[in-house]
Each structure stands twice: as structure tokens, then as C-alpha cells.
>>> print(open('structure_6.cif').read())   # mmCIF, C-alpha atoms
data_structure
loop_
_atom_site.label_atom_id
_atom_site.label_comp_id
_atom_site.auth_asym_id
_atom_site.auth_seq_id
_atom_site.Cartn_x
_atom_site.Cartn_y
_atom_site.Cartn_z
CA MET M 1 94.82 121.28 9.61
CA THR M 2 97.33 118.49 9.77
CA PRO M 3 99.57 118.91 12.81
CA GLN M 4 103.10 120.00 11.94
CA PHE M 5 104.74 116.97 13.54
CA LEU M 6 102.77 114.68 11.20
CA ILE M 7 103.96 116.66 8.18
CA ASP M 8 107.53 116.49 9.49
CA PHE M 9 107.16 112.75 10.00
CA LYS M 10 105.83 112.27 6.48
CA ASP M 11 108.76 114.29 5.07
CA PHE M 12 111.17 112.30 7.19
CA ILE M 13 110.05 108.90 5.96
CA SER M 14 109.68 110.14 2.37
CA GLN M 15 113.44 110.41 2.03
CA PRO M 16 115.18 107.42 0.44
CA TRP M 17 115.81 104.82 3.17
CA PRO M 18 119.48 103.88 3.58
CA TRP M 19 120.55 100.23 3.57
CA TRP M 20 121.21 100.26 7.31
CA VAL M 21 117.56 101.06 7.94
CA ALA M 22 116.13 98.62 5.37
CA GLY M 23 118.26 95.59 6.31
CA PRO M 24 117.51 95.52 10.06
CA LEU M 25 113.81 96.14 9.33
CA LEU M 26 113.76 93.09 7.05
CA SER M 27 115.18 90.92 9.82
CA LEU M 28 112.64 92.46 12.20
CA ILE M 29 109.87 91.34 9.81
CA MET M 30 111.38 87.84 9.85
CA PHE M 31 111.53 87.91 13.66
CA VAL M 32 107.94 89.09 14.11
CA LEU M 33 106.70 86.37 11.72
CA LEU M 34 108.62 83.75 13.73
CA TRP M 35 107.00 85.13 16.86
CA PHE M 36 103.62 84.67 15.15
CA GLY M 37 104.64 81.07 14.40
CA HIS M 38 105.59 81.38 10.72
CA GLU M 39 108.68 81.47 8.52
CA PHE M 40 109.25 84.43 6.20
CA GLY M 41 109.16 83.29 2.55
CA ILE M 42 107.27 85.14 -0.15
CA SER M 43 107.65 82.74 -3.10
CA GLU M 44 105.65 80.04 -1.29
CA ASN M 45 102.64 82.15 -2.26
CA PHE M 46 102.98 81.05 -5.90
CA ARG M 47 102.53 77.45 -4.80
CA LEU M 48 99.62 78.39 -2.53
CA MET M 49 97.93 80.24 -5.39
CA CYS M 50 98.43 77.25 -7.70
CA ALA M 51 96.87 74.99 -5.08
CA ALA M 52 93.99 77.40 -4.47
CA ASP M 53 93.33 77.51 -8.22
CA GLY M 54 92.82 73.77 -8.37
CA ALA M 55 96.32 72.46 -9.04
CA ASP M 56 95.97 70.36 -5.89
CA GLU M 57 93.74 68.01 -7.85
CA LEU M 58 96.18 67.74 -10.74
CA ASN M 59 99.53 67.22 -9.08
CA GLU M 60 100.61 65.95 -5.68
CA PHE M 61 103.20 68.75 -5.25
CA PHE M 62 100.21 71.07 -4.84
CA LYS M 63 98.30 68.81 -2.44
CA ILE M 64 98.78 71.26 0.37
CA ASN M 65 96.28 72.86 2.62
CA TRP M 66 96.48 76.32 1.12
CA GLN M 67 94.17 77.72 3.80
CA SER M 68 97.00 77.19 6.29
CA GLY M 69 99.03 79.61 4.16
CA ILE M 70 96.47 82.39 4.23
CA TRP M 71 98.74 84.34 6.60
CA ASN M 72 101.42 84.37 3.83
CA LEU M 73 98.95 85.44 1.14
CA LEU M 74 97.95 88.29 3.47
CA VAL M 75 101.61 89.36 3.78
CA ALA M 76 101.75 89.48 -0.04
CA LEU M 77 98.49 91.46 -0.11
CA GLY M 78 99.95 93.84 2.46
CA ALA M 79 103.01 94.27 0.23
CA VAL M 80 100.65 95.37 -2.57
CA PHE M 81 99.18 98.01 -0.21
CA GLY M 82 102.66 99.00 0.96
CA GLY M 83 103.74 99.58 -2.65
CA TYR M 84 100.65 101.71 -3.20
CA LEU M 85 101.26 103.80 -0.08
CA ALA M 86 104.98 104.30 -0.74
CA SER M 87 104.48 105.32 -4.35
CA HIS M 88 101.46 107.57 -3.77
CA TYR M 89 102.16 109.25 -0.43
CA PHE M 90 105.83 108.87 0.42
CA LEU M 91 107.73 109.63 -2.77
CA SER M 92 111.23 111.06 -2.37
CA PRO M 93 111.53 114.87 -2.75
CA ASP M 94 113.36 114.38 -6.06
CA GLY M 95 110.70 112.06 -7.46
CA ASN M 96 110.35 108.40 -8.29
CA VAL M 97 114.07 107.93 -8.75
CA ALA M 98 116.65 105.19 -8.21
CA HIS M 99 119.75 106.83 -6.73
CA VAL M 100 122.22 104.57 -8.51
CA SER M 101 125.93 105.28 -8.76
CA ALA M 102 127.47 107.34 -11.55
CA ALA M 103 129.23 104.22 -12.82
CA THR M 104 125.88 102.44 -13.22
CA MET M 105 124.42 105.40 -15.05
CA THR M 106 127.30 105.40 -17.53
CA CYS M 107 126.94 101.66 -17.96
CA LEU M 108 123.22 102.00 -18.67
CA GLN M 109 123.74 104.81 -21.17
CA ASP M 110 126.31 102.66 -22.96
CA ALA M 111 123.58 100.01 -23.22
CA ASN M 112 121.31 102.58 -24.95
CA PHE M 113 119.16 103.52 -21.97
CA GLN M 114 118.06 107.14 -22.19
CA PHE M 115 117.39 109.27 -19.14
CA SER M 116 116.04 112.77 -18.93
CA GLU M 117 117.44 115.35 -16.48
CA GLY M 118 120.27 113.02 -15.55
CA LYS M 119 118.02 110.94 -13.31
CA VAL M 120 117.49 107.20 -13.38
CA PRO M 121 113.81 106.41 -12.76
CA LEU M 122 112.89 103.84 -10.13
CA VAL M 123 111.36 101.55 -12.74
CA PRO M 124 112.42 100.99 -16.34
CA HIS M 125 110.34 101.94 -19.37
CA PHE M 126 109.61 98.30 -20.24
CA TYR M 127 107.30 97.80 -17.23
CA SER M 128 104.24 98.61 -19.32
CA TRP M 129 101.46 96.86 -21.21
CA GLU M 130 102.52 98.43 -24.54
CA TYR M 131 106.01 97.09 -24.11
CA LEU M 132 104.73 93.63 -23.19
CA PHE M 133 103.77 93.11 -26.82
CA THR M 134 107.37 93.47 -28.03
CA TRP M 135 109.74 90.49 -27.95
CA ARG M 136 111.90 92.25 -25.40
CA GLY M 137 109.04 93.16 -23.09
CA LEU M 138 107.59 89.67 -23.29
CA LEU M 139 110.97 88.11 -22.57
CA ILE M 140 111.60 90.35 -19.56
CA ILE M 141 108.18 90.22 -17.90
CA ALA M 142 106.86 86.79 -18.91
CA GLY M 143 110.23 85.04 -19.23
CA GLY M 144 111.55 86.62 -16.04
CA GLY M 145 108.40 85.65 -14.16
CA PHE M 146 108.61 82.06 -15.34
CA LEU M 147 112.28 81.72 -14.35
CA VAL M 148 111.63 83.25 -10.92
CA GLY M 149 108.62 80.99 -10.27
CA PHE M 150 110.35 77.85 -11.47
CA GLY M 151 113.71 78.59 -9.85
CA ALA M 152 112.30 79.68 -6.50
CA ARG M 153 110.35 76.45 -6.07
CA TYR M 154 113.20 74.28 -7.35
CA ALA M 155 115.59 75.95 -4.90
CA GLY M 156 112.93 75.82 -2.16
CA GLY M 157 112.85 79.56 -1.57
CA CYS M 158 113.62 83.03 -2.85
CA THR M 159 115.47 86.06 -1.53
CA SER M 160 113.33 86.24 1.61
CA GLY M 161 113.30 82.50 2.39
CA HIS M 162 116.94 81.74 1.64
CA ALA M 163 118.99 84.97 1.66
CA ILE M 164 117.29 86.40 4.76
CA SER M 165 115.58 83.60 6.76
CA GLY M 166 117.97 80.82 5.73
CA LEU M 167 121.26 82.68 6.12
CA SER M 168 120.10 84.15 9.45
CA ALA M 169 119.55 80.58 10.71
CA LEU M 170 123.03 79.64 9.36
CA GLN M 171 121.61 77.11 6.89
CA LEU M 172 124.26 75.80 4.48
CA PRO M 173 121.62 74.92 1.81
CA SER M 174 120.54 78.57 1.82
CA LEU M 175 124.11 79.69 1.27
CA ILE M 176 124.33 77.34 -1.73
CA ALA M 177 121.04 78.76 -3.05
CA VAL M 178 122.26 82.35 -2.61
CA VAL M 179 125.48 81.49 -4.47
CA GLY M 180 123.19 80.08 -7.19
CA PHE M 181 121.14 83.31 -7.23
CA PHE M 182 124.28 85.35 -7.80
CA LEU M 183 125.80 83.04 -10.39
CA GLY M 184 122.50 83.10 -12.32
CA GLY M 185 122.21 86.87 -11.99
CA LEU M 186 125.79 87.48 -13.10
CA PHE M 187 125.34 85.09 -16.05
CA MET M 188 122.21 86.96 -17.14
CA THR M 189 123.64 90.45 -16.60
CA HIS M 190 127.04 89.94 -18.17
CA LEU M 191 126.58 87.22 -20.78
CA LEU M 192 122.94 87.48 -21.92
CA PHE M 193 122.14 91.21 -21.51
CA PRO M 194 124.42 92.19 -24.45
CA PHE M 195 121.97 90.26 -26.66
CA ILE M 196 118.88 91.78 -25.06
CA PHE M 197 119.72 95.46 -24.49
CA MET T 1 90.61 90.77 13.16
CA LYS T 2 93.55 88.63 14.14
CA GLN T 3 94.72 88.14 10.56
CA SER T 4 95.12 91.87 9.89
CA ARG T 5 98.53 91.78 11.59
CA TYR T 6 99.87 89.96 8.52
CA ILE T 7 98.61 92.70 6.25
CA LEU T 8 100.40 95.24 8.46
CA ILE T 9 103.64 93.26 8.18
CA GLY T 10 103.17 93.16 4.41
CA ILE T 11 102.66 96.93 4.33
CA LEU T 12 105.91 97.40 6.26
CA LEU T 13 107.68 95.02 3.86
CA GLY T 14 106.34 96.98 0.90
CA MET T 15 107.42 100.31 2.38
CA VAL T 16 110.91 99.01 3.26
CA LEU T 17 111.64 97.55 -0.17
CA TYR T 18 110.12 100.50 -2.05
CA LYS T 19 111.77 103.25 -0.02
CA SER T 20 115.16 101.52 -0.05
CA GLU T 21 114.82 101.18 -3.85
CA ALA T 22 115.28 97.39 -3.66
CA VAL T 23 112.26 97.13 -5.98
CA SER T 24 114.21 98.96 -8.68
CA TRP T 25 115.36 97.07 -11.77
CA PHE T 26 118.26 99.55 -11.93
CA ARG T 27 119.37 98.75 -8.37
CA ILE T 28 119.50 95.04 -9.25
CA TYR T 29 121.45 95.87 -12.42
CA GLU T 30 123.87 97.94 -10.31
CA MET T 31 124.24 95.11 -7.79
CA PHE T 32 125.17 92.58 -10.47
CA HIS T 33 127.75 95.07 -11.78
CA PHE T 34 129.22 95.51 -8.25
CA GLN T 35 128.92 99.27 -8.65
CA SER T 36 127.40 100.11 -5.29
CA PHE T 37 127.36 98.75 -1.78
CA HIS T 38 123.65 99.57 -1.36
CA MET T 39 122.01 96.19 -2.10
CA TYR T 40 124.81 94.28 -0.40
CA GLY T 41 124.32 96.56 2.60
CA ILE T 42 120.60 95.75 2.74
CA ILE T 43 121.08 91.99 2.46
CA GLY T 44 124.21 91.97 4.62
CA SER T 45 122.73 94.03 7.47
CA ALA T 46 119.51 91.98 7.32
CA VAL T 47 121.53 88.76 7.65
CA LEU T 48 123.79 90.07 10.43
CA THR T 49 120.90 91.33 12.56
CA GLY T 50 118.95 88.19 11.61
CA ILE T 51 121.75 85.96 12.90
CA VAL T 52 121.71 87.82 16.23
CA LEU T 53 117.91 87.49 16.49
CA VAL T 54 117.92 83.77 15.62
CA GLN T 55 120.71 83.13 18.16
CA LEU T 56 118.62 84.96 20.74
CA ILE T 57 115.61 82.76 19.88
CA ARG T 58 117.69 79.59 20.16
CA GLN T 59 119.62 80.43 23.32
CA ARG T 60 116.73 81.90 25.27
CA HIS T 61 114.30 79.25 23.91
CA LEU T 62 111.87 82.02 23.03
CA LYS T 63 108.24 81.05 22.61
CA ASN T 64 105.87 82.17 19.89
CA LEU T 65 102.47 83.76 20.53
CA GLU T 66 100.89 80.33 20.77
CA GLY T 67 103.24 79.52 23.65
CA GLU T 68 105.30 76.96 21.71
CA GLU T 69 109.06 77.19 21.55
CA ILE T 70 110.18 78.70 18.23
CA VAL T 71 111.94 76.03 16.18
CA ILE T 72 113.47 76.85 12.81
CA LYS T 73 113.55 73.67 10.77
CA ASP T 74 116.82 72.75 9.10
CA LYS T 75 116.61 72.78 5.31
CA ASN T 76 117.13 69.45 3.55
CA LYS T 77 120.72 68.75 2.62
CA SER T 78 121.45 68.75 -1.08
CA VAL T 79 123.57 70.68 -3.55
CA PRO T 80 122.22 70.40 -7.14
CA ARG T 81 118.72 71.49 -6.24
CA TYR T 82 119.83 74.70 -4.51
CA LEU T 83 122.53 75.53 -7.03
CA LEU T 84 120.47 74.82 -10.18
CA GLY T 85 117.22 76.22 -8.81
CA GLY T 86 119.10 79.22 -7.45
CA PHE T 87 120.80 79.79 -10.80
CA ILE T 88 117.47 79.76 -12.66
CA PHE T 89 115.95 82.08 -10.05
CA GLY T 90 118.94 84.43 -10.30
CA MET T 91 118.56 84.67 -14.08
CA GLY T 92 114.93 85.68 -13.69
CA TRP T 93 115.76 88.11 -10.87
CA ALA T 94 118.34 89.92 -13.00
CA LEU T 95 116.15 89.88 -16.11
CA ALA T 96 112.90 91.14 -14.62
CA GLY T 97 114.67 93.11 -11.87
CA ALA T 98 112.17 91.89 -9.32
CA CYS T 99 112.11 88.91 -7.00
CA PRO T 100 108.79 87.70 -5.56
CA ALA T 101 108.20 90.39 -2.89
CA PRO T 102 108.98 93.37 -5.19
CA MET T 103 106.59 91.87 -7.73
CA PHE T 104 103.66 92.35 -5.34
CA ILE T 105 104.94 95.80 -4.34
CA LEU T 106 105.28 97.01 -7.94
CA LEU T 107 101.82 95.65 -8.68
CA GLY T 108 100.50 97.83 -5.87
CA SER T 109 102.40 100.91 -7.01
CA GLY T 110 100.49 100.82 -10.28
CA TYR T 111 102.51 98.65 -12.66
CA THR T 112 99.60 96.40 -13.47
CA VAL T 113 101.65 94.57 -16.11
CA PHE T 114 103.05 92.61 -13.16
CA VAL T 115 99.85 90.58 -13.27
CA VAL T 116 101.51 88.85 -16.24
CA TYR T 117 104.68 88.33 -14.22
CA LEU T 118 102.59 86.85 -11.38
CA VAL T 119 100.73 84.46 -13.70
CA MET T 120 104.02 83.40 -15.30
CA ALA T 121 105.64 82.89 -11.88
CA MET T 122 102.68 80.65 -10.96
CA THR T 123 103.12 78.84 -14.30
CA GLY T 124 106.83 78.35 -13.55
CA THR T 125 105.98 77.00 -10.11
CA TYR T 126 103.40 74.67 -11.65
CA VAL T 127 105.80 73.39 -14.32
CA TYR T 128 108.33 72.73 -11.57
CA GLY T 129 105.66 70.69 -9.79
CA LEU T 130 105.13 68.62 -12.93
CA LEU T 131 108.83 68.05 -13.63
CA ARG T 132 109.93 67.66 -10.02
CA LYS T 133 110.54 63.91 -10.10
CA ARG T 134 112.69 64.14 -13.25
CA LEU T 135 114.95 66.93 -11.98
CA PRO T 136 118.12 66.33 -9.95
CA GLN T 137 117.26 67.08 -6.32
#
>>> encode(input="structure_6.cif", output="C-alpha cells")
Amino acid sequence: MTPQFLIDFKDFISQPWPWWVAGPLLSLIMFVLLWFGHEFGISENFRLMCAADGADELNEFFKINWQSGIWNLLVALGAVFGGYLASHYFLSPDGNVAHVSAATMTCLQDANFQFSEGKVPLVPHFYSWEYLFTWRGLLIIAGGGFLVGFGARYAGGCTSGHAISGLSALQLPSLIAVVGFFLGGLFMTHLLFPFIF
Amino acid sequence: MKQSRYILIGILLGMVLYKSEAVSWFRIYEMFHFQSFHMYGIIGSAVLTGIVLVQLIRQRHLKNLEGEEIVIKDKNKSVPRYLLGGFIFGMGWALAGACPAPMFILLGSGYTVFVVYLVMAMTGTYVYGLLRKRLPQ
């Protein structure tokens, strides 16, 4: 028998987490990593993986001691486990759902997204292998991945390195990068999406 | 094992971003349509509490576990690199609906197609490495 308080705890954390819980926890993660002697930045892992795969012999940008970044690769590995745990054991009572606003739902339906039971799923239908072999799926997954990998290294960081670590340390370059993130995102969402969806 | 603490931090990161729905393509779509405060609340409250924590580190000269004072290096000054790189990153973020951390989290929650996203992100990083000297920095 599982003790009742454990069941209650599981139910408690299975609810959707509000922004005011998620945000402070993210800065706590940054703080704990600083205490361990490291700076929070997930996209650096792409460079570490390139170096570990032999790119260090091909290009000087990858001549880094990737072993010194093992801690960061382990954070990424932990994130894989965290995703597994959250999606298998701590799903919200109403399912694997994104609780987006009514305005967003209308917007999505206007763009030909179809939802059953009036619920928006957490992930879209095009996150699948079958869909990867359509031009749209390939563009979203492969094209999106390329842009994120290229852009993150060019800008010297991603959402964790610039928006959270950088802004917290009042770094002007990070503010410029975050403005870039939003300009790029708005350009994609408002000017290019009409051609894609 | 000393290194397991990083896996635990990663697990927490995965839980936070999954349970707050920040891994959702639809939440990113909503954010770029300014139709909810949710994502702005996550980033905004992370930055506000982060600023307080970093000020605490700097004013109290807090030391890390190794006993050295925690120093957060200033990022190199430049504009084009951050703006252009950021713009390209932002396009990918909106398109795929996932930035680097959510990519690993979605991979773990069973969307194995993100292996392709990961390989392409590594390719993008590698191509940046090749072109680096020819790009405005």
C-alpha cells in the first residue's frame, strides 16, 4: 500500500504548474548550478556533442575539452529523464493538454488546426516520424532544429543562457539577444506561418 | 557519485518545463500572439528572482562548492552577433516550438522524432563553426 500522503503529493504535483512556480524554480536551477561552479546554458551541449563526435579535429571552434562539459551533458540527460517522468507519472488530471487561452484556440482553428473535445494537446500532431516525411514536417523539425542550433551558437546562448542567466546578471548583450529571439519569433509566427499552416 | 547531482538538476528542469507547459508548441504560438501572460510570467519571474539571487551572490561574495568566489563573466560586447543570431534562433524556436531544453524533455517524453531535431541542431551548430569567421560578429 502506498501511503496516502504520497498519493496526495503525487496528485498535488500532477496539476499544471503556474508560471509563478516555474519561473522561480528556473532561477533556483541557475543558482544551484552557479553554486556547483557552472553557468546554466543548455545549447552549449550541441557544441560539446559536435566536439565529442570528432568535430574538434575538423574545426578550431570545436577544439574544446568536451569532457569539462560533461556536467552540462548530464543536465541534458536529466532533462530527458524529467520529460519521461512528467509525461508518464505526473500527467494533469485532464490529460496531456496545453491550457492555452480561448483566443489562441480560435486563432489555431482559423489556421486549420483541429482539436477534439475542445482541448488543445500539449504537443502538435506534426511531432511524429510519419509527419517528418512531409515537406511541412521536415521543415518544422529539421529546419527548426537547424535554425535553433545555428542561431543559438551565433548568439552565444539560448533561452537558458541569455534570457535566464544573462538577464539575471544584467548583461546588455543578453538583452539584445532576447530582443533578437522575439523579433525572429514574431517574424516567423506572423509573416511566415501563413505560408506554412 | 558526485556527478549524479547534475542529473537531478536536469530532472527538475524537465519537470518544471513540462508541468508548466513551456515545452508546448501551442504555448510558444500563444506567446508570440501575445494572447496569454503565462510564458511571460515564467520568463519574467525567473529573471526577477534571478536578479535578486545574482545580486546576493555579488554583494555577499558567495563562494561555490569548491570554495572559490562565484564570478559571472561579462558577455562580450557586440550588437550584430546577438541580434542576428538571436533572430535566427527565434525563428527556429517559433517554428519547432521548442528551444534546446524542451527538445531533450520532449525526447524523453516519447517523441523520438526529436532525434532528428537534435542532429539538425548539431548540424546548425557545426555550420556556424565553419562560417564563423565570415559572419558579422
>>> axis_aligned_box(input="structure_6.cif", around="range 148-158 of chain M", padding_each_side="8 Å", output="JSON")
{"center_x": 112.1, "center_y": 78.8, "center_z": -6.5, "size_x": 23.0, "size_y": 25.0, "size_z": 25.9}
>>> resolve_selection(input="structure_6.cif", expression="the PyMOL selection byres ((chain T and resi 54) around 12)", output="VMD selection string")
(chain M and resid 27 to 28 30 to 32 34 to 35 39 164 to 171) or (chain T and resid 46 to 53 55 to 62 70 to 72)
>>> write_last_selection(input="structure_6.cif", atoms="C-alpha atoms", output="compact mmCIF listing (two decimals), keeping the file's coordinate frame")
# COMPACT_ATOMS: atom_id res chain seq x y z
CA SER M 27 115.18 90.92 9.82
CA LEU M 28 112.64 92.46 12.20
CA MET M 30 111.38 87.84 9.85
CA PHE M 31 111.53 87.91 13.66
CA VAL M 32 107.94 89.09 14.11
CA LEU M 34 108.62 83.75 13.73
CA TRP M 35 107.00 85.13 16.86
CA GLU M 39 108.68 81.47 8.52
CA ILE M 164 117.29 86.40 4.76
CA SER M 165 115.58 83.60 6.76
CA GLY M 166 117.97 80.82 5.73
CA LEU M 167 121.26 82.68 6.12
CA SER M 168 120.10 84.15 9.45
CA ALA M 169 119.55 80.58 10.71
CA LEU M 170 123.03 79.64 9.36
CA GLN M 171 121.61 77.11 6.89
CA ALA T 46 119.51 91.98 7.32
CA VAL T 47 121.53 88.76 7.65
CA LEU T 48 123.79 90.07 10.43
CA THR T 49 120.90 91.33 12.56
CA GLY T 50 118.95 88.19 11.61
CA ILE T 51 121.75 85.96 12.90
CA VAL T 52 121.71 87.82 16.23
CA LEU T 53 117.91 87.49 16.49
CA GLN T 55 120.71 83.13 18.16
CA LEU T 56 118.62 84.96 20.74
CA ILE T 57 115.61 82.76 19.88
CA ARG T 58 117.69 79.59 20.16
CA GLN T 59 119.62 80.43 23.32
CA ARG T 60 116.73 81.90 25.27
CA HIS T 61 114.30 79.25 23.91
CA LEU T 62 111.87 82.02 23.03
CA ILE T 70 110.18 78.70 18.23
CA VAL T 71 111.94 76.03 16.18
CA ILE T 72 113.47 76.85 12.81
>>> resolve_selection(input="structure_6.cif", expression="the PyMOL selection byres ((chain T and resi 65) around 9)", output="list in words")
Trp35, Phe36 and Gly37 of chain M; Lys63, Asn64, Glu66, Gly67 and Glu68 of chain T
>>> closest_residue(input="structure_6.cif", among="T:His33, T:Gly85, T:Val23, T:Ile28", to="chain M", atoms="only C-alpha atoms")
T:Gly85
>>> residues_around(input="structure_6.cif", residues="range 103-117 of chain M", least_positions_apart="2", cutoff="12 Å", atoms="all atoms listed in the file", output="PyMOL selection string")
(chain M and resi 94-95+97-101+119-126+189-190+193-197) or (chain T and resi 25-36)
>>> closest_residue(input="structure_6.cif", among="T:Val113, T:Ile42, T:Leu118, T:Ala22", to="Glu130 in chain M", atoms="only C-alpha atoms")
T:Val113
>>> resolve_selection(input="structure_6.cif", expression="the PyMOL selection byres ((chain M and resi 17) around 8)", output="VMD selection string")
(chain M and resid 13 15 to 16 18 to 19 21 to 22) or (chain T and resid 16 19 to 21)
>>> atom_distance(input="structure_6.cif", atom1="CA of Val127 in chain T", atom2="CA of Ser43 in chain M")
14.7 Å
>>> closest_residue(input="structure_6.cif", among="M:Gly157, M:Phe90, M:Leu172, M:Ala163", to="Ile7 in chain M", atoms="only C-alpha atoms")
M:Phe90
>>> atom_distance(input="structure_6.cif", atom1="CA of Leu130 in chain T", atom2="CA of Phe61 in chain M")
7.9 Å
>>> closest_residue(input="structure_6.cif", among="M:Tyr89, M:Phe9, M:Tyr84, M:Phe133", to="chain T", atoms="all atoms listed in the file")
M:Tyr84
>>> residues_around(input="structure_6.cif", residues="Leu83 in chain T", least_positions_apart="5", cutoff="7 Å", atoms="all atoms listed in the file", output="ChimeraX atom specification")
/M:176-177,180
>>> build_atoms(input="structure_6.cif", residues="range 92-109 of chain M", atoms="N, CA and C atoms", output="PDB file, in the coordinates of the input")
ATOM      1  N   SER M  92     110.071 110.235  -2.726  1.00  0.00           N
ATOM      2  CA  SER M  92     111.230 111.060  -2.370  1.00  0.00           C
ATOM      3  C   SER M  92     111.042 112.477  -2.925  1.00  0.00           C
ATOM      4  N   PRO M  93     111.667 113.487  -2.278  1.00  0.00           N
ATOM      5  CA  PRO M  93     111.530 114.870  -2.750  1.00  0.00           C
ATOM      6  C   PRO M  93     111.964 115.045  -4.211  1.00  0.00           C
ATOM      7  N   ASP M  94     112.918 114.237  -4.668  1.00  0.00           N
ATOM      8  CA  ASP M  94     113.360 114.380  -6.060  1.00  0.00           C
ATOM      9  C   ASP M  94     112.622 113.426  -7.009  1.00  0.00           C
ATOM     10  N   GLY M  95     111.530 112.852  -6.548  1.00  0.00           N
ATOM     11  CA  GLY M  95     110.700 112.060  -7.460  1.00  0.00           C
ATOM     12  C   GLY M  95     110.905 110.572  -7.343  1.00  0.00           C
ATOM     13  N   ASN M  96     110.306 109.855  -8.296  1.00  0.00           N
ATOM     14  CA  ASN M  96     110.350 108.400  -8.290  1.00  0.00           C
ATOM     15  C   ASN M  96     111.650 107.944  -8.947  1.00  0.00           C
ATOM     16  N   VAL M  97     112.735 108.054  -8.179  1.00  0.00           N
ATOM     17  CA  VAL M  97     114.070 107.930  -8.750  1.00  0.00           C
ATOM     18  C   VAL M  97     114.844 106.821  -8.051  1.00  0.00           C
ATOM     19  N   ALA M  98     115.696 106.121  -8.813  1.00  0.00           N
ATOM     20  CA  ALA M  98     116.650 105.190  -8.210  1.00  0.00           C
ATOM     21  C   ALA M  98     117.989 105.918  -8.129  1.00  0.00           C
ATOM     22  N   HIS M  99     118.512 106.071  -6.914  1.00  0.00           N
ATOM     23  CA  HIS M  99     119.750 106.830  -6.730  1.00  0.00           C
ATOM     24  C   HIS M  99     120.967 105.932  -6.962  1.00  0.00           C
ATOM     25  N   VAL M 100     121.114 105.479  -8.206  1.00  0.00           N
ATOM     26  CA  VAL M 100     122.220 104.570  -8.510  1.00  0.00           C
ATOM     27  C   VAL M 100     123.519 105.347  -8.680  1.00  0.00           C
ATOM     28  N   SER M 101     124.627 104.635  -8.667  1.00  0.00           N
ATOM     29  CA  SER M 101     125.930 105.280  -8.760  1.00  0.00           C
ATOM     30  C   SER M 101     126.176 105.829 -10.173  1.00  0.00           C
ATOM     31  N   ALA M 102     127.128 106.747 -10.257  1.00  0.00           N
ATOM     32  CA  ALA M 102     127.470 107.340 -11.550  1.00  0.00           C
ATOM     33  C   ALA M 102     127.976 106.276 -12.516  1.00  0.00           C
ATOM     34  N   ALA M 103     128.705 105.296 -11.982  1.00  0.00           N
ATOM     35  CA  ALA M 103     129.230 104.220 -12.820  1.00  0.00           C
ATOM     36  C   ALA M 103     128.095 103.435 -13.474  1.00  0.00           C
ATOM     37  N   THR M 104     127.031 103.183 -12.693  1.00  0.00           N
ATOM     38  CA  THR M 104     125.880 102.440 -13.220  1.00  0.00           C
ATOM     39  C   THR M 104     125.173 103.232 -14.301  1.00  0.00           C
ATOM     40  N   MET M 105     125.080 104.533 -14.067  1.00  0.00           N
ATOM     41  CA  MET M 105     124.420 105.400 -15.050  1.00  0.00           C
ATOM     42  C   MET M 105     125.164 105.359 -16.383  1.00  0.00           C
ATOM     43  N   THR M 106     126.484 105.459 -16.319  1.00  0.00           N
ATOM     44  CA  THR M 106     127.300 105.400 -17.530  1.00  0.00           C
ATOM     45  C   THR M 106     127.095 104.073 -18.240  1.00  0.00           C
ATOM     46  N   CYS M 107     127.120 103.013 -17.444  1.00  0.00           N
ATOM     47  CA  CYS M 107     126.940 101.660 -17.960  1.00  0.00           C
ATOM     48  C   CYS M 107     125.600 101.530 -18.694  1.00  0.00           C
ATOM     49  N   LEU M 108     124.554 102.091 -18.087  1.00  0.00           N
ATOM     50  CA  LEU M 108     123.220 102.000 -18.670  1.00  0.00           C
ATOM     51  C   LEU M 108     123.132 102.808 -19.960  1.00  0.00           C
ATOM     52  N   GLN M 109     123.774 103.979 -19.964  1.00  0.00           N
ATOM     53  CA  GLN M 109     123.740 104.810 -21.170  1.00  0.00           C
ATOM     54  C   GLN M 109     124.498 104.126 -22.310  1.00  0.00           C
TER      55      GLN M 109
END
